[in-house]
Amino acid sequence: MFPSTLPAPRITDASQVPRLRWGIIGPGWIADHFAHALRQHTRQQITAVAARDPAKAQTFADKWAIGHATGSLDELLAREDVDAVYIATPHNHHFPDGLRAIAAGKHLLIEKPLALNAPQATQLKQAAAAANLLCMEAMWCNFAPKYDVIRQLLEDGVPGEVHTLIADHGEFFTPDHRIFNADLAGGPMLDLGSYLVALSVFVGGGAPETIVARGQPVPNGRVNGQTSMLFTHRHGMQSVLNTTLFSNTPGGAVIAGRDATLELTGQFYAPGNFTLTSSDRRHRLQWQEPTNRYEQLSHEINHFAWCIGQSLIDSPVHPLDQAIITLAAMDNVRQQIGVTFNEEQQP
């Protein structure tokens with residue numbers, strides 16, 4: 001039956017979670033948004049920041065009034081006034097930096113993707129579990145109010161049997177952007193495509209059963225430039241996905257069920273609107289919210305602190321197994337299109 005209203009999002013109350021002391025590793029542009037969201041919408045505290053360039057760490061510390069800045073990751077990890085770390089280094093550093101944080105006894109929130117591939121992510125999960133530490137992937141959309149409303153609609157079976165997911169994510173980048181750098185695990189899959197594959201895992205309820213992928217390299221051939229994917233899931237659902245770094249695309253998504261269809265405006269993973277329409281088009285509900293984008297990083301921060309307060313070492317909203325399944329699917333895609341990251345190549 002089509003609902004009369006959309007369900008209310010289940011939002012973590014910032015005042016009801018422990019106040020953690022955070023260290024930031026990798027003070028780039030996403031860490032800057034992270035610090036802003038933390039300061040504006042949580043009760044959390046940032047006590048230290050580390051970067052390979054000490055001057056960059058100090059500039060970040062000055063901007064956000066952070067007490068300690070260092071060019072040494074180990075120095076930050078040794079500090080007793082750091083309970084948890086947010087790792088926002090380049091993709092190929094997530095795994096080694098994560099292992100060092102676990103060895104130092106710190107809970108860790110790792111910017112997506114969790115690692116370069118599923119075996120690395122599995123190793124992080126095992127190491128964190130052995131140390132009784134919370135490890136969580138910062139797939140920020142999964143913790144946002146919009147996604148929680150969609151999660152409830154899917155759990156309640158409102159769309160009926162879902163047959164089709166269609167989504168794209170394309171952005172234009174100038175040639176000097178790091179996304180073209182093979183030494184930094186460049187190409188669209190980890191930056192852009194991870195949102196698409198994660199959405200398919202989220203909607204499909206698990207790993208795809210079959211994967212067909214086709215890719216197109218950038219002109220110099222060093223990294224992939226565009227990838228199209230067709231996944232089949234249990235119960236017959238198909239995901240049609242495309243990601244590109246050559247052009248801006250609408251970035252929307254459609255989740256089509258037998259009884260109703262969800263249409264997410266672009267960019268589908270970011271704050272914004274969606275429409276739920278019955279298949280006979282007689283009923284329609286809209287979700288509308290401000291496009292306050294990265295301020296909604298606060299939801300993953302508060303959820304992380306809530307998990308600590310509950311003595312959890314895995315998130316019930318975005319468990320590590322879900323991140324590992326997503327990476328395994330991307331590993332399969334990369335194998336089909338002939339993309340191997342430098343760190344994966346045999347000497």
# chains A, B, ... in the order shown; residues from 1 in each chain; ligands from 1
>>> residues_around(residues="Met237 in chain A", least_positions_apart="6", cutoff="10 Å", atoms="only C-alpha atoms", output="ChimeraX atom specification")
/A:161-165,200,203-204,208-209,231,256-257
>>> select_by_dssp(residues="range 27-218 of chain A", states="alpha helix (DSSP H)", output="PyMOL selection string")
chain A and resi 29-41+54-64+73-77+94-103+118-130+145-155+188+194-204
>>> residues_around(residues="range 167-171 of chain A", least_positions_apart="2", cutoff="12 Å", atoms="only C-alpha atoms", output="ChimeraX atom specification")
/A:164-165,173-174,177,179,187-200,203,225-231,238-256,262-270
>>> atom_distance(atom1="CA of Ala118 in chain A", atom2="CA of Gly28 in chain A")
24.9 Å
>>> residues_around(residues="Val82 in chain A", least_positions_apart="3", cutoff="7 Å", atoms="only C-alpha atoms", output="ChimeraX atom specification")
/A:21-23,47,79
>>> write_last_selection(atoms="all heavy atoms", output="compact mmCIF listing (two decimals), in the first residue's frame")
# COMPACT_ATOMS: atom_id res chain seq x y z
N ARG A 21 37.84 12.89 21.38
CA ARG A 21 38.95 13.77 20.97
C ARG A 21 39.55 13.18 19.69
O ARG A 21 40.05 12.07 19.69
CB ARG A 21 39.98 13.85 22.09
CG ARG A 21 39.43 14.45 23.39
CD ARG A 21 40.38 14.22 24.55
NE ARG A 21 40.57 12.80 24.82
CZ ARG A 21 41.38 12.32 25.77
NH1 ARG A 21 42.07 13.15 26.54
NH2 ARG A 21 41.50 11.01 25.95
N TRP A 22 39.46 13.96 18.61
CA TRP A 22 39.79 13.48 17.27
C TRP A 22 41.16 13.96 16.83
O TRP A 22 41.55 15.10 17.09
CB TRP A 22 38.77 13.97 16.26
CG TRP A 22 37.41 13.34 16.37
CD1 TRP A 22 36.44 13.65 17.25
CD2 TRP A 22 36.89 12.30 15.54
NE1 TRP A 22 35.32 12.88 17.04
CE2 TRP A 22 35.57 12.04 15.99
CE3 TRP A 22 37.39 11.59 14.46
CZ2 TRP A 22 34.76 11.08 15.39
CZ3 TRP A 22 36.59 10.63 13.86
CH2 TRP A 22 35.29 10.39 14.33
N GLY A 23 41.84 13.09 16.10
CA GLY A 23 43.01 13.48 15.32
C GLY A 23 42.67 13.36 13.85
O GLY A 23 42.02 12.39 13.44
N THR A 47 41.71 17.58 18.44
CA THR A 47 42.85 17.92 19.30
C THR A 47 44.18 17.91 18.55
O THR A 47 45.16 18.50 19.03
CB THR A 47 42.95 16.94 20.48
OG1 THR A 47 42.99 15.60 19.97
CG2 THR A 47 41.76 17.11 21.41
N ARG A 79 49.70 10.27 20.83
CA ARG A 79 49.14 11.23 21.78
C ARG A 79 47.99 10.60 22.58
O ARG A 79 47.11 9.95 22.03
CB ARG A 79 48.63 12.48 21.05
CG ARG A 79 49.74 13.31 20.40
CD ARG A 79 49.18 14.60 19.80
NE ARG A 79 48.64 15.47 20.84
CZ ARG A 79 49.37 16.34 21.54
NH1 ARG A 79 50.68 16.44 21.35
NH2 ARG A 79 48.79 17.11 22.44
